file final_23.tsv (TSV, C-alpha atoms)
chain	number	residue	atom	x	y	z
H	9	MET	CA	42.62	-37.23	8.00
H	10	THR	CA	40.71	-35.29	10.63
H	11	ARG	CA	36.93	-35.27	10.81
H	12	PRO	CA	36.64	-31.75	9.32
H	13	GLN	CA	38.93	-32.80	6.47
H	14	ALA	CA	36.89	-35.94	5.84
H	15	LEU	CA	33.68	-33.92	5.85
H	16	SER	CA	35.17	-31.37	3.46
H	17	ALA	CA	36.32	-34.07	1.06
H	18	GLY	CA	32.93	-35.78	1.14
H	19	VAL	CA	30.98	-32.58	0.57
H	20	ALA	CA	33.28	-31.60	-2.28
H	21	ALA	CA	32.87	-34.92	-4.04
H	22	LEU	CA	29.10	-34.93	-3.58
H	23	LEU	CA	28.70	-31.41	-4.95
H	24	VAL	CA	30.54	-32.27	-8.15
H	25	VAL	CA	28.17	-35.11	-9.10
H	26	PRO	CA	24.98	-33.02	-9.45
H	27	LEU	CA	26.99	-30.23	-11.04
H	28	ALA	CA	28.35	-32.61	-13.67
H	29	VAL	CA	24.84	-33.94	-14.34
H	30	LEU	CA	23.43	-30.43	-14.76
H	31	VAL	CA	26.23	-29.50	-17.13
H	32	ARG	CA	25.78	-32.70	-19.15
H	33	LEU	CA	22.05	-32.06	-19.44
H	34	GLY	CA	22.62	-28.44	-20.42
H	35	TRP	CA	20.46	-27.06	-17.62
H	36	ASP	CA	19.49	-23.59	-18.85
H	37	PRO	CA	19.87	-21.55	-15.61
H	38	LEU	CA	23.40	-22.85	-15.10
H	39	ALA	CA	24.35	-22.46	-18.76
H	40	ASP	CA	22.99	-18.91	-18.84
H	41	ALA	CA	24.86	-17.93	-15.68
H	42	ASP	CA	28.08	-19.43	-17.03
H	43	ARG	CA	27.81	-17.63	-20.37
H	44	SER	CA	26.96	-14.32	-18.69
H	45	ALA	CA	29.98	-14.57	-16.40
H	46	ASP	CA	32.30	-15.35	-19.29
H	47	ASP	CA	30.94	-12.47	-21.38
H	48	GLN	CA	31.53	-10.04	-18.51
H	49	ALA	CA	35.02	-11.42	-17.95
H	50	GLN	CA	35.91	-10.94	-21.60
H	51	ARG	CA	34.74	-7.34	-21.60
H	52	LEU	CA	36.87	-6.69	-18.53
H	53	MET	CA	39.97	-8.29	-20.06
H	54	ARG	CA	39.65	-6.40	-23.34
H	55	ARG	CA	39.49	-3.09	-21.46
H	56	HIS	CA	42.51	-3.75	-19.24
H	57	GLY	CA	45.58	-4.97	-21.09
H	58	THR	CA	47.86	-4.87	-18.05
H	59	LEU	CA	45.45	-6.96	-16.01
H	60	LEU	CA	45.20	-9.43	-18.88
H	61	ALA	CA	48.98	-9.85	-18.88
H	62	TRP	CA	48.96	-10.58	-15.12
H	63	VAL	CA	46.09	-13.02	-15.53
H	64	ARG	CA	47.92	-14.91	-18.26
H	65	SER	CA	51.02	-15.15	-16.09
H	66	ALA	CA	49.12	-16.35	-13.02
H	67	SER	CA	47.31	-18.97	-15.08
H	68	HIS	CA	50.62	-20.73	-15.73
H	69	LEU	CA	50.71	-21.77	-12.06
H	70	GLY	CA	48.16	-24.40	-13.04
H	71	ASP	CA	49.74	-25.56	-16.31
H	72	PRO	CA	49.93	-29.39	-16.39
H	73	LEU	CA	53.66	-29.36	-17.10
H	74	VAL	CA	54.30	-26.88	-14.30
H	75	VAL	CA	52.41	-28.75	-11.57
H	76	THR	CA	53.80	-32.08	-12.76
H	77	ALA	CA	57.35	-30.76	-12.63
H	78	ILE	CA	56.81	-29.33	-9.14
H	79	VAL	CA	55.36	-32.62	-7.89
H	80	ALA	CA	58.21	-34.62	-9.41
H	81	ALA	CA	60.85	-32.36	-7.86
H	82	VAL	CA	59.31	-32.36	-4.38
H	83	ALA	CA	58.60	-36.11	-4.52
H	84	LEU	CA	62.23	-36.75	-5.42
H	85	GLY	CA	63.31	-34.56	-2.51
H	86	CYS	CA	61.04	-36.49	-0.15
H	87	TRP	CA	62.36	-39.80	-1.43
H	88	LEU	CA	65.98	-38.76	-0.92
H	89	ALA	CA	65.08	-37.51	2.57
H	90	HIS	CA	63.63	-40.94	3.36
H	91	ARG	CA	60.08	-39.59	3.40
H	92	ARG	CA	59.03	-42.15	0.83
H	93	THR	CA	55.40	-42.36	1.89
H	94	ASP	CA	55.08	-38.62	1.24
H	95	ALA	CA	56.78	-39.03	-2.14
H	96	ILE	CA	54.34	-41.74	-3.15
H	97	TYR	CA	51.43	-39.65	-1.88
H	98	LEU	CA	52.40	-36.65	-4.02
H	99	LEU	CA	52.82	-38.76	-7.14
H	100	ALA	CA	49.55	-40.58	-6.48
H	101	VAL	CA	47.64	-37.31	-6.08
H	102	ARG	CA	48.98	-36.04	-9.39
H	103	ALA	CA	48.21	-39.30	-11.17
H	104	VAL	CA	44.67	-39.52	-9.81
H	105	ALA	CA	44.01	-35.88	-10.70
H	106	VAL	CA	45.07	-36.50	-14.31
H	107	VAL	CA	42.91	-39.62	-14.62
H	108	VAL	CA	39.83	-38.04	-13.00
H	109	ASP	CA	40.16	-34.95	-15.18
H	110	PHE	CA	40.37	-37.06	-18.35
H	111	LEU	CA	37.46	-39.32	-17.45
H	112	LEU	CA	35.14	-36.47	-16.51
H	113	LYS	CA	36.04	-34.44	-19.57
H	114	GLU	CA	35.24	-37.39	-21.83
H	115	GLY	CA	32.10	-38.28	-19.89
H	116	VAL	CA	30.58	-34.80	-19.78
H	117	ALA	CA	31.98	-33.69	-23.16
H	118	ARG	CA	31.27	-30.00	-22.65
H	119	ALA	CA	32.48	-27.63	-25.34
H	120	ARG	CA	34.69	-24.68	-24.44
H	121	PRO	CA	33.16	-21.19	-24.26
H	122	ASN	CA	32.47	-19.80	-27.73
H	123	LEU	CA	33.26	-16.09	-27.52
H	124	ALA	CA	33.12	-13.46	-30.26
H	125	GLN	CA	36.51	-11.92	-29.44
H	126	PRO	CA	38.46	-14.39	-27.27
H	127	VAL	CA	41.61	-13.24	-25.50
H	128	ALA	CA	42.92	-16.81	-25.15
H	129	HIS	CA	42.41	-20.26	-26.65
H	130	ALA	CA	42.47	-23.79	-25.27
H	131	SER	CA	41.81	-27.21	-26.74
H	132	GLY	CA	39.81	-30.18	-25.48
H	133	TYR	CA	36.65	-30.35	-23.45
H	134	SER	CA	35.79	-27.78	-20.80
H	135	PHE	CA	34.39	-29.63	-17.75
H	136	PRO	CA	36.09	-29.78	-15.32
H	137	SER	CA	38.93	-27.28	-15.55
H	138	GLY	CA	42.17	-29.23	-15.60
H	139	HIS	CA	44.11	-26.20	-14.40
H	140	ALA	CA	41.80	-25.75	-11.41
H	141	LEU	CA	41.74	-29.45	-10.58
H	142	GLY	CA	45.47	-29.89	-10.97
H	143	SER	CA	46.43	-26.82	-8.99
H	144	ALA	CA	43.97	-27.58	-6.19
H	145	ALA	CA	45.17	-31.17	-5.82
H	146	THR	CA	48.86	-30.37	-6.26
H	147	TYR	CA	49.24	-27.34	-4.04
H	148	LEU	CA	47.11	-28.73	-1.23
H	149	SER	CA	49.00	-32.04	-1.25
H	150	LEU	CA	52.29	-30.12	-1.19
H	151	ALA	CA	51.04	-28.02	1.71
H	152	LEU	CA	50.06	-31.08	3.71
H	153	VAL	CA	53.46	-32.66	3.13
H	154	VAL	CA	55.44	-29.51	3.93
H	155	GLY	CA	53.44	-28.66	7.03
H	156	TRP	CA	53.11	-32.15	8.54
H	157	PRO	CA	53.34	-32.68	11.48
H	158	ARG	CA	53.44	-29.02	12.55
H	159	PRO	CA	49.81	-27.79	12.93
H	160	LEU	CA	50.53	-24.05	12.76
H	161	VAL	CA	52.75	-24.37	9.71
H	162	THR	CA	50.19	-26.66	8.10
H	163	ARG	CA	47.42	-24.09	8.53
H	164	LEU	CA	49.49	-21.34	6.97
H	165	VAL	CA	50.68	-23.31	3.97
H	166	VAL	CA	47.25	-24.86	3.41
H	167	ALA	CA	45.67	-21.40	3.34
H	168	THR	CA	48.29	-20.30	0.82
H	169	ALA	CA	47.73	-23.43	-1.29
H	170	VAL	CA	43.98	-22.87	-1.35
H	171	LEU	CA	44.44	-19.23	-2.34
H	172	VAL	CA	46.81	-20.12	-5.20
H	173	ALA	CA	44.37	-22.67	-6.58
H	174	ILE	CA	41.50	-20.18	-6.43
H	175	VAL	CA	43.61	-17.58	-8.25
H	176	VAL	CA	44.39	-20.10	-11.00
H	177	ALA	CA	40.72	-21.00	-11.28
H	178	VAL	CA	39.67	-17.36	-11.60
H	179	THR	CA	42.24	-16.77	-14.34
H	180	ARG	CA	40.73	-19.54	-16.43
H	181	VAL	CA	37.36	-17.79	-16.39
H	182	LEU	CA	38.89	-14.38	-17.02
H	183	LEU	CA	40.75	-15.79	-20.03
H	184	GLY	CA	37.48	-17.17	-21.37
H	185	VAL	CA	38.69	-20.76	-21.71
H	186	HIS	CA	36.40	-22.14	-18.99
H	187	PHE	CA	33.00	-21.51	-17.49
H	188	PRO	CA	32.68	-20.78	-13.74
H	189	SER	CA	31.09	-24.19	-13.14
H	190	ASP	CA	34.14	-25.84	-14.75
H	191	VAL	CA	36.55	-24.27	-12.31
H	192	VAL	CA	34.32	-24.81	-9.29
H	193	ALA	CA	34.16	-28.52	-10.10
H	194	GLY	CA	37.91	-28.61	-10.65
H	195	LEU	CA	38.68	-27.00	-7.31
H	196	LEU	CA	36.33	-29.25	-5.37
H	197	LEU	CA	37.65	-32.40	-7.02
H	198	GLY	CA	41.28	-31.42	-6.57
H	199	TRP	CA	40.89	-30.69	-2.88
H	200	ALA	CA	38.90	-33.89	-2.36
H	201	ILE	CA	41.58	-35.99	-4.05
H	202	ALA	CA	44.35	-34.48	-1.93
H	203	LEU	CA	42.42	-35.01	1.31
H	204	VAL	CA	41.19	-38.53	0.58
H	205	LEU	CA	44.61	-39.80	-0.43
H	206	ARG	CA	46.11	-38.10	2.61
H	207	SER	CA	43.84	-40.21	4.79
H	208	ALA	CA	45.32	-43.32	3.18
H	209	VAL	CA	48.81	-42.05	3.98
H	210	ALA	CA	47.84	-41.37	7.60
H	211	ALA	CA	46.40	-44.87	7.93
H	212	ARG	CA	49.59	-46.37	6.50
H	213	ARG	CA	51.72	-44.40	8.96
H	214	ILE	CA	49.61	-45.61	11.88
H	215	GLY	CA	49.78	-49.18	10.66
H	216	ALA	CA	53.55	-48.95	10.27
H	217	GLY	CA	53.92	-47.35	13.70
H	218	ASP	CA	55.30	-44.06	12.33
call {"tool": "encode", "arguments": {"input": "final_23.tsv", "output": "structure tokens"}}
result
Amino acid sequence: MTRPQALSAGVAALLVVPLAVLVRLGWDPLADADRSADDQAQRLMRRHGTLLAWVRSASHLGDPLVVTAIVAAVALGCWLAHRRTDAIYLLAVRAVAVVVDFLLKEGVARARPNLAQPVAHASGYSFPSGHALGSAATYLSLALVVGWPRPLVTRLVVATAVLVAIVVAVTRVLLGVHFPSDVVAGLLLGWAIALVLRSAVAARRIGAGD
């Protein structure tokens, strides 16, 4: 992992800690901003049915079953292509993302947005957004595997991966199933997981003389 990547991962992880504390404590300025954003998003979605349909479709890019299936397929391809370290990396990123999401949800125990006329429904706790966390971790890890060791390709696919994760995160707020702070935490955690585990892979390659 390069120095900028290490710095990005560290900053992301550090930002999530105070955010989680503020959410757990129910800090009024944050709670008010979250509720206001969700209310505005719901008004927008109720006025634009076509946009709502697109948002619902885009949100599926972060569905747990979807990202898990993608990871499993690419990991299998890597394994068969004798890129077994990459296969293990992809599976590890997905596993860690699932565990971190579960632990934080249980620890913070934040209820989902309670809206008068919801356009979508979701179960479980709200913080962090599992869709945002899963898509951020999955698509960035895939980008790093696909692009390595070609720097130009890596930049392009990483930019695409980041954009996809952001789109998924925005859809969760627009659908009213998460607060903005939920998806911000999910994105930061997902990217941090992908980068930190990538550093372990790089160290293993160096140690093995790859």
call {"tool": "atom_distance", "arguments": {"input": "final_23.tsv", "atom1": "atom CA of His68 of chain H", "atom2": "atom CA of Ala169 of chain H"}}
result
15.0 Å
call {"tool": "closest_residue", "arguments": {"input": "final_23.tsv", "among": "H:His56, H:Ala61, H:Ala200, H:Val185", "to": "Pro126 of chain H", "atoms": "all atoms listed in the file"}}
result
H:Val185
call {"tool": "atom_distance", "arguments": {"input": "final_23.tsv", "atom1": "atom CA of Ala173 of chain H", "atom2": "atom CA of Tyr147 of chain H"}}
result
7.2 Å
call {"tool": "closest_atom_pairs", "arguments": {"input": "final_23.tsv", "of": "segment 119-155 of chain H", "to": "segment 86-110 of chain H", "cutoff": "10 Å", "atoms": "all atoms listed in the file", "output": "Markdown table"}}
result
| residue | atom | partner | partner_atom | distance |
| --- | --- | --- | --- | --- |
| H:Gly132 | CA | H:Phe110 | CA | 9.9 |
| H:Tyr133 | CA | H:Phe110 | CA | 9.2 |
| H:Phe135 | CA | H:Asp109 | CA | 8.3 |
| H:Pro136 | CA | H:Asp109 | CA | 6.6 |
| H:Ser137 | CA | H:Asp109 | CA | 7.8 |
| H:Gly138 | CA | H:Asp109 | CA | 6.1 |
| H:His139 | CA | H:Asp109 | CA | 9.6 |
| H:Leu141 | CA | H:Ala105 | CA | 6.8 |
| H:Gly142 | CA | H:Ala105 | CA | 6.2 |
| H:Ser143 | CA | H:Ala105 | CA | 9.5 |
| H:Ala144 | CA | H:Ala105 | CA | 9.4 |
| H:Ala145 | CA | H:Val101 | CA | 6.6 |
| H:Thr146 | CA | H:Arg102 | CA | 6.5 |
| H:Tyr147 | CA | H:Leu98 | CA | 9.8 |
| H:Leu148 | CA | H:Val101 | CA | 9.9 |
| H:Ser149 | CA | H:Leu98 | CA | 6.4 |
| H:Leu150 | CA | H:Leu98 | CA | 7.1 |
| H:Leu152 | CA | H:Asp94 | CA | 9.4 |
| H:Val153 | CA | H:Asp94 | CA | 6.5 |
| H:Val154 | CA | H:Asp94 | CA | 9.5 |
call {"tool": "write_last_selection", "arguments": {"input": "final_23.tsv", "atoms": "C-alpha atoms", "output": "mmCIF file, in the coordinates of the input"}}
result
data_model
loop_
_atom_site.group_PDB
_atom_site.id
_atom_site.type_symbol
_atom_site.label_atom_id
_atom_site.label_comp_id
_atom_site.auth_asym_id
_atom_site.auth_seq_id
_atom_site.Cartn_x
_atom_site.Cartn_y
_atom_site.Cartn_z
ATOM 1 C CA GLY H 132 39.810 -30.180 -25.480
ATOM 2 C CA TYR H 133 36.650 -30.350 -23.450
ATOM 3 C CA PHE H 135 34.390 -29.630 -17.750
ATOM 4 C CA PRO H 136 36.090 -29.780 -15.320
ATOM 5 C CA SER H 137 38.930 -27.280 -15.550
ATOM 6 C CA GLY H 138 42.170 -29.230 -15.600
ATOM 7 C CA HIS H 139 44.110 -26.200 -14.400
ATOM 8 C CA LEU H 141 41.740 -29.450 -10.580
ATOM 9 C CA GLY H 142 45.470 -29.890 -10.970
ATOM 10 C CA SER H 143 46.430 -26.820 -8.990
ATOM 11 C CA ALA H 144 43.970 -27.580 -6.190
ATOM 12 C CA ALA H 145 45.170 -31.170 -5.820
ATOM 13 C CA THR H 146 48.860 -30.370 -6.260
ATOM 14 C CA TYR H 147 49.240 -27.340 -4.040
ATOM 15 C CA LEU H 148 47.110 -28.730 -1.230
ATOM 16 C CA SER H 149 49.000 -32.040 -1.250
ATOM 17 C CA LEU H 150 52.290 -30.120 -1.190
ATOM 18 C CA LEU H 152 50.060 -31.080 3.710
ATOM 19 C CA VAL H 153 53.460 -32.660 3.130
ATOM 20 C CA VAL H 154 55.440 -29.510 3.930
#
call {"tool": "closest_residue", "arguments": {"input": "final_23.tsv", "among": "H:Arg163, H:Gly57, H:Leu195, H:Leu123", "to": "Val178 of chain H", "atoms": "only C-alpha atoms"}}
result
H:Leu195
call {"tool": "residues_near_point", "arguments": {"input": "final_23.tsv", "point": "(29.8, -13.1, -17.3)", "cutoff": "12 Å", "atoms": "all atoms listed in the file", "output": "list of chain:residue names"}}
result
H:Leu38, H:Ala39, H:Asp40, H:Ala41, H:Asp42, H:Arg43, H:Ser44, H:Ala45, H:Asp46, H:Asp47, H:Gln48, H:Ala49, H:Gln50, H:Arg51, H:Leu52, H:Met53, H:Pro121, H:Leu123, H:Val181, H:Leu182, H:Leu183, H:Gly184, H:His186, H:Phe187, H:Pro188, H:Ser189
